[in-house]
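Q: Structure: data19.cif, mmCIF, C-alpha atoms (C1' of nucleotides).
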```cif
data_model
#
loop_
_atom_site.label_atom_id
_atom_site.label_comp_id
_atom_site.auth_asym_id
_atom_site.auth_seq_id
_atom_site.Cartn_x
_atom_site.Cartn_y
_atom_site.Cartn_z
CA MET A 1 134.60 101.40 107.99
CA GLU A 2 137.78 99.68 106.95
CA GLN A 3 135.79 96.49 107.19
CA ASN A 4 133.42 97.74 104.50
CA ILE A 5 136.31 98.41 102.14
CA GLU A 6 137.53 94.85 102.72
CA LYS A 7 134.07 93.48 101.94
CA LEU A 8 134.05 95.41 98.70
CA GLN A 9 137.57 94.42 97.76
CA ALA A 10 136.49 90.81 98.00
CA ILE A 11 133.95 91.22 95.19
CA VAL A 12 136.41 92.55 92.59
CA SER A 13 137.71 89.26 91.29
CA PRO A 14 134.44 87.28 91.17
CA LEU A 15 132.64 90.27 89.69
CA LEU A 16 135.17 90.63 86.86
CA THR A 17 134.97 86.92 86.14
CA TRP A 18 131.18 87.13 85.98
CA TYR A 19 131.41 90.20 83.75
CA ASP A 20 133.70 88.49 81.26
CA GLU A 21 131.07 85.82 80.74
CA ASN A 22 127.91 87.86 81.06
CA ARG A 23 128.65 91.36 79.83
CA ARG A 24 126.07 92.95 77.60
CA VAL A 25 127.04 93.68 74.03
CA LEU A 26 126.38 97.38 73.58
CA PRO A 27 127.30 99.74 70.73
CA TRP A 28 129.36 102.05 72.97
CA ARG A 29 131.32 99.03 74.16
CA GLU A 30 132.08 97.71 70.69
CA GLU A 31 134.09 100.76 69.78
CA VAL A 32 135.33 102.81 72.73
CA SER A 33 136.33 106.47 72.62
CA ALA A 34 135.95 109.32 75.08
CA TYR A 35 133.37 110.87 72.76
CA ARG A 36 131.26 107.73 72.48
CA THR A 37 131.53 106.96 76.19
CA TRP A 38 130.53 110.52 77.02
CA VAL A 39 127.48 110.55 74.71
CA SER A 40 126.29 107.17 75.94
CA GLU A 41 126.69 108.14 79.59
CA ILE A 42 124.72 111.35 79.14
CA MET A 43 121.93 109.48 77.32
CA LEU A 44 121.88 106.78 79.98
CA GLN A 45 121.35 109.19 82.85
CA GLN A 46 118.04 108.18 84.45
CA THR A 47 117.22 106.26 81.28
CA ARG A 48 117.09 102.57 80.42
CA VAL A 49 119.54 100.97 78.02
CA ALA A 50 116.76 99.76 75.73
CA ALA A 51 115.44 103.30 75.34
CA VAL A 52 118.89 104.68 74.59
CA LEU A 53 119.97 102.21 71.89
CA PRO A 54 118.13 103.68 68.88
CA TYR A 55 118.97 107.23 69.92
CA PHE A 56 122.66 106.43 70.30
CA GLN A 57 122.84 104.87 66.86
CA ARG A 58 121.10 107.80 65.21
CA PHE A 59 123.22 110.25 67.15
CA MET A 60 126.49 108.69 66.07
CA ALA A 61 125.37 108.54 62.47
CA ARG A 62 124.47 112.24 62.53
CA TYR A 63 127.35 113.43 64.75
CA PRO A 64 130.30 111.05 64.24
CA THR A 65 132.75 113.36 66.02
CA VAL A 66 132.66 115.98 68.74
CA GLN A 67 133.35 118.61 66.07
CA ASP A 68 130.24 117.54 64.16
CA LEU A 69 128.21 117.97 67.33
CA ALA A 70 129.82 121.32 68.10
CA ARG A 71 128.91 122.60 64.63
CA GLY A 72 125.38 121.19 64.75
CA ASP A 73 122.12 123.08 64.87
CA GLU A 74 120.40 123.00 68.29
CA GLU A 75 116.90 122.68 66.84
CA GLU A 76 117.98 119.63 64.87
CA LEU A 77 119.70 118.15 67.91
CA LEU A 78 116.54 118.52 69.99
CA LYS A 79 114.55 116.86 67.22
CA LEU A 80 116.96 113.92 67.36
CA TRP A 81 116.59 113.86 71.16
CA GLU A 82 112.77 114.07 70.93
CA GLY A 83 111.19 111.48 73.22
CA LEU A 84 114.30 110.75 75.25
CA GLY A 85 113.46 113.29 77.95
CA TYR A 86 115.51 115.56 80.20
CA TYR A 87 116.20 117.84 77.27
CA SER A 88 118.74 119.99 79.08
CA ARG A 89 121.05 117.00 78.61
CA ALA A 90 121.00 117.61 74.86
CA ARG A 91 121.68 121.33 75.22
CA ASN A 92 124.49 120.73 77.70
CA LEU A 93 125.91 118.06 75.43
CA GLN A 94 126.30 120.59 72.67
CA LYS A 95 127.65 123.30 74.97
CA ALA A 96 130.27 120.87 76.22
CA ALA A 97 131.07 119.76 72.67
CA ARG A 98 131.78 123.36 71.68
CA ILE A 99 134.13 123.77 74.65
CA VAL A 100 135.93 120.53 73.85
CA ALA A 101 136.21 121.47 70.19
CA GLU A 102 137.49 124.97 70.86
CA ASP A 103 139.42 124.80 74.13
CA TYR A 104 140.70 121.23 73.86
CA ALA A 105 141.11 120.90 70.09
CA GLY A 106 138.49 118.16 70.10
CA ALA A 107 140.29 115.91 72.59
CA PHE A 108 138.50 115.21 75.87
CA PRO A 109 140.67 115.97 78.91
CA ALA A 110 141.60 112.90 80.97
CA ASP A 111 141.24 114.92 84.12
CA TYR A 112 138.47 114.85 86.71
CA LYS A 113 138.37 118.59 87.41
CA GLU A 114 138.38 119.55 83.76
CA LEU A 115 135.67 117.01 82.88
CA ILE A 116 133.40 118.00 85.72
CA ALA A 117 133.68 121.63 84.62
CA LEU A 118 131.93 120.73 81.35
CA PRO A 119 128.15 121.28 81.28
CA GLY A 120 126.18 118.11 82.04
CA ILE A 121 129.15 116.18 83.40
CA GLY A 122 128.89 115.51 87.10
CA ASP A 123 130.66 113.26 89.53
CA TYR A 124 129.35 110.02 88.10
CA THR A 125 129.84 110.80 84.41
CA ALA A 126 133.36 112.09 84.97
CA GLY A 127 134.22 108.82 86.72
CA ALA A 128 132.64 106.78 83.94
CA ILE A 129 134.60 108.56 81.20
CA LEU A 130 137.89 108.41 83.10
CA SER A 131 137.60 104.72 83.91
CA ILE A 132 135.97 103.41 80.73
CA ALA A 133 137.58 105.57 78.05
CA PHE A 134 140.90 106.45 79.70
CA GLY A 135 141.48 103.39 81.88
CA LEU A 136 142.03 105.40 85.04
CA PRO A 137 141.21 103.81 88.42
CA VAL A 138 138.32 106.10 89.37
CA PRO A 139 134.94 105.04 90.76
CA ALA A 140 131.68 105.82 88.93
CA VAL A 141 129.02 105.77 91.60
CA ASP A 142 125.53 105.58 90.16
CA GLY A 143 122.32 104.04 91.43
CA ASN A 144 123.59 100.53 90.70
CA VAL A 145 126.79 101.01 92.66
CA LEU A 146 124.90 102.61 95.53
CA ARG A 147 122.58 99.63 95.66
CA ILE A 148 125.21 96.93 95.30
CA ALA A 149 127.74 98.47 97.67
CA SER A 150 125.18 99.17 100.37
CA ARG A 151 123.90 95.59 100.14
CA ILE A 152 127.37 94.06 100.13
CA THR A 153 128.31 96.02 103.25
CA GLY A 154 124.89 95.93 104.87
CA TRP A 155 124.88 99.73 104.98
CA ASP A 156 121.37 100.70 106.05
CA ARG A 157 121.86 104.28 107.15
CA ASP A 158 119.74 106.98 105.54
CA VAL A 159 120.46 108.01 101.97
CA GLN A 160 121.93 111.41 102.81
CA SER A 161 125.50 110.42 103.57
CA THR A 162 125.46 107.21 101.55
CA LYS A 163 126.84 108.40 98.22
CA LYS A 164 129.79 110.23 99.70
CA GLU A 165 130.68 107.31 101.93
CA ILE A 166 130.40 104.72 99.16
CA THR A 167 132.44 106.89 96.79
CA ARG A 168 135.19 106.96 99.39
CA TRP A 169 135.15 103.17 99.70
CA MET A 170 135.04 102.57 95.94
CA THR A 171 138.02 104.86 95.41
CA GLU A 172 140.04 102.32 97.37
CA VAL A 173 138.43 99.34 95.67
CA VAL A 174 138.51 100.09 91.92
CA PRO A 175 141.18 97.81 90.44
CA SER A 176 143.85 99.75 88.58
CA ASP A 177 144.25 97.08 85.90
CA ARG A 178 140.61 97.01 84.77
CA PRO A 179 138.77 100.04 86.19
CA GLY A 180 136.37 100.42 83.26
CA ALA A 181 135.42 96.76 83.26
CA PHE A 182 134.87 96.87 87.01
CA ASN A 183 132.57 99.90 86.86
CA GLN A 184 130.61 98.48 83.96
CA ALA A 185 130.39 95.12 85.69
CA LEU A 186 128.64 96.82 88.59
CA MET A 187 126.16 98.36 86.16
CA ASP A 188 125.46 95.05 84.48
CA LEU A 189 125.10 93.24 87.79
CA GLY A 190 122.75 95.94 89.04
CA SER A 191 120.71 95.69 85.87
CA ALA A 192 120.57 91.90 85.61
CA LEU A 193 120.67 90.55 89.17
CA CYS A 194 120.99 93.06 91.99
CA LEU A 195 117.61 94.60 91.18
CA PRO A 196 115.94 97.18 93.42
CA ALA A 197 112.73 95.33 94.24
CA ALA A 198 113.32 91.66 93.51
CA PRO A 199 117.06 90.89 93.49
CA ARG A 200 117.96 87.51 92.02
CA CYS A 201 120.32 86.53 94.81
CA PRO A 202 120.40 82.80 94.03
CA ASP A 203 121.99 83.63 90.66
CA CYS A 204 124.42 86.21 92.00
CA PRO A 205 128.17 85.62 91.68
CA LEU A 206 128.66 87.61 94.88
CA ARG A 207 126.47 85.35 96.95
CA GLY A 208 128.35 84.60 100.16
CA LEU A 209 130.11 87.96 100.00
CA CYS A 210 126.92 89.96 100.51
CA THR A 211 125.89 91.10 103.97
CA ALA A 212 122.32 91.90 102.96
CA GLU A 213 121.88 88.48 101.36
CA ARG A 214 123.22 86.80 104.49
CA GLU A 215 120.96 88.82 106.76
CA GLY A 216 117.95 88.78 104.43
CA SER A 217 117.84 92.56 104.43
CA GLN A 218 117.93 93.09 100.62
CA ALA A 219 114.41 94.52 100.61
CA ARG A 220 115.20 97.41 102.92
CA ILE A 221 118.68 98.16 101.55
CA PRO A 222 119.44 100.65 100.22
CA VAL A 223 117.20 102.88 102.30
CA ARG A 224 115.06 104.90 99.95
CA ALA A 225 114.02 108.52 100.22
CA PRO A 226 110.28 109.03 100.71
CA LYS A 227 108.50 109.80 97.48
CA LYS A 228 107.15 113.27 96.87
CA ASP A 229 103.73 114.29 95.70
CA LYS A 230 103.20 115.37 92.13
CA ARG A 231 101.71 118.81 91.58
CA PRO A 232 98.49 118.42 89.59
CA GLU A 233 98.02 120.66 86.55
CA GLU A 234 94.99 120.83 84.30
CA LYS A 235 95.16 122.08 80.76
CA THR A 236 93.15 122.12 77.59
CA VAL A 237 95.12 121.31 74.44
CA PHE A 238 94.05 122.42 70.97
CA LEU A 239 95.01 120.55 67.84
CA LEU A 240 94.07 123.16 65.26
CA ARG A 241 94.29 122.59 61.54
CA ARG A 242 93.44 124.87 58.69
CA PRO A 243 92.04 123.71 55.35
CA ASP A 244 95.48 124.30 53.80
CA GLY A 245 96.95 121.71 56.16
CA ALA A 246 98.81 124.12 58.44
CA VAL A 247 98.74 123.34 62.17
CA ALA A 248 99.16 125.77 65.07
CA LEU A 249 102.24 125.29 67.27
CA GLY A 250 103.96 127.37 69.90
CA GLN A 251 107.44 127.23 71.41
CA ARG A 252 107.72 126.72 75.14
CA PRO A 253 109.76 129.11 77.30
CA LYS A 254 113.53 128.76 77.24
CA THR A 255 113.61 127.63 80.86
CA GLY A 256 111.65 125.16 82.95
CA LEU A 257 109.75 122.04 81.98
CA LEU A 258 110.26 120.96 78.34
CA ALA A 259 112.20 124.18 77.78
CA GLY A 260 112.26 125.40 74.21
CA LEU A 261 110.33 122.45 72.83
CA TRP A 262 107.25 122.85 70.66
CA GLU A 263 103.67 122.30 71.76
CA TYR A 264 100.09 122.58 70.63
CA PRO A 265 98.29 125.71 71.83
CA ASN A 266 96.96 125.12 75.32
CA VAL A 267 95.39 126.99 78.18
CA PRO A 268 95.06 126.26 81.92
CA GLY A 269 91.99 124.40 83.13
CA LEU A 270 89.71 121.75 81.67
CA LEU A 271 87.42 123.53 79.22
CA THR A 272 84.05 122.30 78.05
CA GLU A 273 83.42 122.41 74.31
CA ALA A 274 81.45 125.65 74.76
CA GLN A 275 84.33 127.20 76.70
CA ALA A 276 86.79 125.91 74.13
CA ALA A 277 84.74 127.59 71.40
CA ARG A 278 85.04 130.88 73.28
CA GLN A 279 88.80 130.37 73.53
CA LEU A 280 89.02 129.92 69.76
CA ALA A 281 87.05 133.13 69.31
CA ALA A 282 89.39 134.90 71.71
CA TRP A 283 92.30 133.79 69.52
CA GLY A 284 90.48 135.15 66.48
CA LEU A 285 89.67 131.79 64.92
CA THR A 286 86.46 130.43 63.42
CA PRO A 287 85.74 126.73 63.94
CA LEU A 288 84.69 124.97 60.74
CA HIS A 289 84.40 121.47 62.13
CA TRP A 290 84.98 119.89 65.54
CA GLU A 291 86.85 116.74 64.58
CA GLU A 292 87.27 114.97 67.90
CA SER A 293 88.01 115.39 71.58
CA TRP A 294 90.13 113.34 73.98
CA GLN A 295 91.37 113.12 77.52
CA ALA A 296 94.93 112.30 78.51
CA VAL A 297 97.17 112.19 81.54
CA HIS A 298 100.91 112.65 81.41
CA ILE A 299 103.05 111.99 84.47
CA PHE A 300 106.32 113.82 84.87
CA THR A 301 108.71 113.29 87.75
CA HIS A 302 107.14 116.06 89.79
CA VAL A 303 104.03 117.17 87.89
CA ARG A 304 100.91 115.44 86.67
CA TRP A 305 99.19 116.91 83.62
CA GLN A 306 95.49 116.24 83.26
CA MET A 307 94.55 117.22 79.73
CA GLN A 308 91.36 117.83 77.79
CA GLY A 309 91.96 117.92 74.07
CA TYR A 310 90.03 119.28 71.10
CA ALA A 311 90.90 118.72 67.47
CA VAL A 312 89.27 121.38 65.34
CA LEU A 313 89.32 122.42 61.71
CA VAL A 314 89.43 126.21 61.76
CA SER A 315 89.74 129.18 59.47
CA GLY A 316 91.76 132.31 60.05
CA GLU A 317 95.19 132.88 61.47
CA GLY A 318 94.35 134.55 64.76
CA ASP A 319 97.13 135.15 67.26
CA LEU A 320 98.72 131.77 66.61
CA SER A 321 101.65 130.60 64.49
CA TRP A 322 100.98 128.06 61.76
CA TYR A 323 103.30 125.48 60.28
CA SER A 324 103.19 123.17 57.29
CA GLU A 325 103.84 119.45 57.54
CA GLU A 326 107.37 120.02 56.24
CA GLN A 327 108.03 122.62 58.92
CA ARG A 328 106.50 120.46 61.66
CA ARG A 329 108.76 117.56 60.82
CA GLN A 330 111.74 119.55 62.05
CA LYS A 331 110.25 120.54 65.40
CA ALA A 332 110.65 118.57 68.61
CA ILE A 333 107.27 117.96 70.23
CA PRO A 334 107.50 116.08 73.54
CA SER A 335 105.73 112.81 74.32
CA ALA A 336 103.46 114.66 76.74
CA PHE A 337 101.43 115.59 73.66
CA GLU A 338 101.34 112.06 72.30
CA LYS A 339 97.58 111.93 71.79
CA ALA A 340 97.60 115.06 69.69
CA ASN A 341 100.69 113.83 67.86
CA ARG A 342 98.89 110.62 66.96
CA ILE A 343 95.78 112.34 65.70
CA LEU A 344 97.94 114.63 63.61
CA GLN A 345 99.80 111.64 62.17
CA LYS A 346 96.48 110.11 61.26
CA TRP A 347 95.50 113.29 59.45
CA GLU A 348 98.79 113.46 57.65
CA GLY A 349 98.29 109.89 56.49
CA GLU A 350 94.94 110.75 54.88
"C1'" DT B 351 119.78 120.81 100.40
"C1'" DA B 352 115.87 119.82 98.07
"C1'" DA B 353 113.45 120.48 94.08
"C1'" DA B 354 113.40 120.54 89.12
"C1'" DC B 355 113.94 117.98 85.20
"C1'" DG B 356 110.95 113.19 80.86
"C1'" DT B 357 109.87 109.01 79.34
"C1'" DG B 358 108.40 104.14 78.39
"C1'" DG B 359 108.40 99.69 80.47
"C1'" DG B 360 107.47 96.30 84.09
"C1'" DG B 361 105.10 94.45 88.17
"C1'" DT C 362 95.37 101.47 86.54
"C1'" DC C 363 99.00 102.92 89.21
"C1'" DC C 364 103.47 103.02 91.12
"C1'" DC C 365 108.32 102.40 90.62
"C1'" DC C 366 111.53 103.21 88.42
"C1'" DA C 367 116.89 103.88 85.13
"C1'" DA C 368 124.05 104.40 83.96
"C1'" DG C 369 122.38 112.06 87.46
"C1'" DT C 370 123.09 117.04 87.00
"C1'" DT C 371 121.86 121.65 87.90
"C1'" DT C 372 120.25 125.37 90.63
#
```
Would you put the structure from the file into structure tokens?
A:
Amino acid sequence: MEQNIEKLQAIVSPLLTWYDENRRVLPWREEVSAYRTWVSEIMLQQTRVAAVLPYFQRFMARYPTVQDLARGDEEELLKLWEGLGYYSRARNLQKAARIVAEDYAGAFPADYKELIALPGIGDYTAGAILSIAFGLPVPAVDGNVLRIASRITGWDRDVQSTKKEITRWMTEVVPSDRPGAFNQALMDLGSALCLPAAPRCPDCPLRGLCTAEREGSQARIPVRAPKKDKRPEEKTVFLLRRPDGAVALGQRPKTGLLAGLWEYPNVPGLLTEAQAARQLAAWGLTPLHWEESWQAVHIFTHVRWQMQGYAVLVSGEGDLSWYSEEQRRQKAIPSAFEKANRILQKWEGE
DNA sequence: TAAACGTGGGG
DNA sequence: TCCCCAAGTTT
């Protein structure tokens, strides 16, 4: 074990040197504060840097301070978050902002236990904020660190105990003079060179210090958990427009998948056009013109939606709720309904 | 502890 | 087209 810590200690200096020359220029690195580090880390959870960039910029323009976020409207926040996924992150972000604003007078606590008590902040994010924003020598063990540390040490045990073990090692290894740079260097190395499938070992500054590279075991380290099956779901989605331009939308339940976001009316199963016509009648609507139909698949982490879509011009109000273009602009509709969104955009452009 | 929780990009 | 993800946290 001690040997693994020594292997990791050996990478600190060459990694920092590499980082100083190769670090990515990122908006949350240009100007560092606990608030900005926190927001960026939440957005980056399970999300690529390129996807985060535009969201981060818009977010900071709209909510420059934690007080602005605390005072903000949740519906507007979700609209800003629309398309970024894992929407509970946005809700937790605001819950935490309100706690920081009220209980901490707007100043993030530089304390692991207090940070981790905030909604949405777990072990990794607390470590990232403490090291990057507060300069404290704390590890921030994410997927990159797991991958790099297990390869450096040649750790090929199953994934169960890996994170705890590597966190223990990294606690000893994080340099107290540049903890934030060290943690971010690991992220950049993991993103640029120490890739999951095809690591670019010949270009790596840690070549010669890496057990996996020496043994040629990069491909099987870290050991990955077996992938799980996705539950198939079939649904029929209705893009319904009235002659006055109003479109039917519904709000999803407050819990579960895409909680609280808006969606087009939909029912379980793949309906034929005749069945869809009966569904419209059941809602109390009269079809005036069947505009178009489509098929779409949307893959979530654990569910696969197979969708049949119908775009119909209808009359009546029925049991549904109708919204004008102005009202729709303020509602967050997830990417799962992209096809319908696109058709609607086309209509709005006409 | 394992499952739930999104999305867009790359191979 | 399909599979694999990417700076995890919550329950």
Q: Considering only C-alpha atoms (C1' of nucleotides), return as a ChimeraX atom specification whatever protein or nucleic-acid residues lie within 10 Å of DT371 (chain C), sequence-local ones (same chain, fewer than 6 positions apart) excluded.
A: /A:88,119-120,122 /B:354-355
Q: Would you translate the PyMOL selection byres ((chain A) within 12 of (chain B)) into the concrete set of residues it matches in this file, as a ChimeraX atom specification?
A: /A:45-52,81-89,160,197-198,225,228-230,255-259,298-304,334-336,338
Q: Apply the PyMOL selection byres ((chain A and resi 138) around 12) to the displayed file and report the matching residues as a PyMOL selection string.
A: chain A and resi 110-112+123-137+139-141+167-183
Q: Taking only C-alpha atoms (C1' of nucleotides) into account, what are the residues of chain C at most 10 Å from chain A, put as a PyMOL selection string?
A: chain C and resi 365-371
Q: Can you turn the PyMOL selection byres ((chain A and resi 261) around 10) into a concrete residue list for this file, as a ChimeraX atom specification?
A: /A:75,78-79,82,87,250-254,257-260,262-263,331-334
Q: Restrict the selected residues to C-alpha atoms and save them as a PDB file, keeping the file's coordinate frame.
A:
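Output saved as part-v3.pdb:
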```pdb
ATOM      1  CA  GLU A  75     116.900 122.680  66.840  1.00  0.00           C
ATOM      2  CA  LEU A  78     116.540 118.520  69.990  1.00  0.00           C
ATOM      3  CA  LYS A  79     114.550 116.860  67.220  1.00  0.00           C
ATOM      4  CA  GLU A  82     112.770 114.070  70.930  1.00  0.00           C
ATOM      5  CA  TYR A  87     116.200 117.840  77.270  1.00  0.00           C
ATOM      6  CA  GLY A 250     103.960 127.370  69.900  1.00  0.00           C
ATOM      7  CA  GLN A 251     107.440 127.230  71.410  1.00  0.00           C
ATOM      8  CA  ARG A 252     107.720 126.720  75.140  1.00  0.00           C
ATOM      9  CA  PRO A 253     109.760 129.110  77.300  1.00  0.00           C
ATOM     10  CA  LYS A 254     113.530 128.760  77.240  1.00  0.00           C
ATOM     11  CA  LEU A 257     109.750 122.040  81.980  1.00  0.00           C
ATOM     12  CA  LEU A 258     110.260 120.960  78.340  1.00  0.00           C
ATOM     13  CA  ALA A 259     112.200 124.180  77.780  1.00  0.00           C
ATOM     14  CA  GLY A 260     112.260 125.400  74.210  1.00  0.00           C
ATOM     15  CA  TRP A 262     107.250 122.850  70.660  1.00  0.00           C
ATOM     16  CA  GLU A 263     103.670 122.300  71.760  1.00  0.00           C
ATOM     17  CA  LYS A 331     110.250 120.540  65.400  1.00  0.00           C
ATOM     18  CA  ALA A 332     110.650 118.570  68.610  1.00  0.00           C
ATOM     19  CA  ILE A 333     107.270 117.960  70.230  1.00  0.00           C
ATOM     20  CA  PRO A 334     107.500 116.080  73.540  1.00  0.00           C
TER      21      PRO A 334
END
```
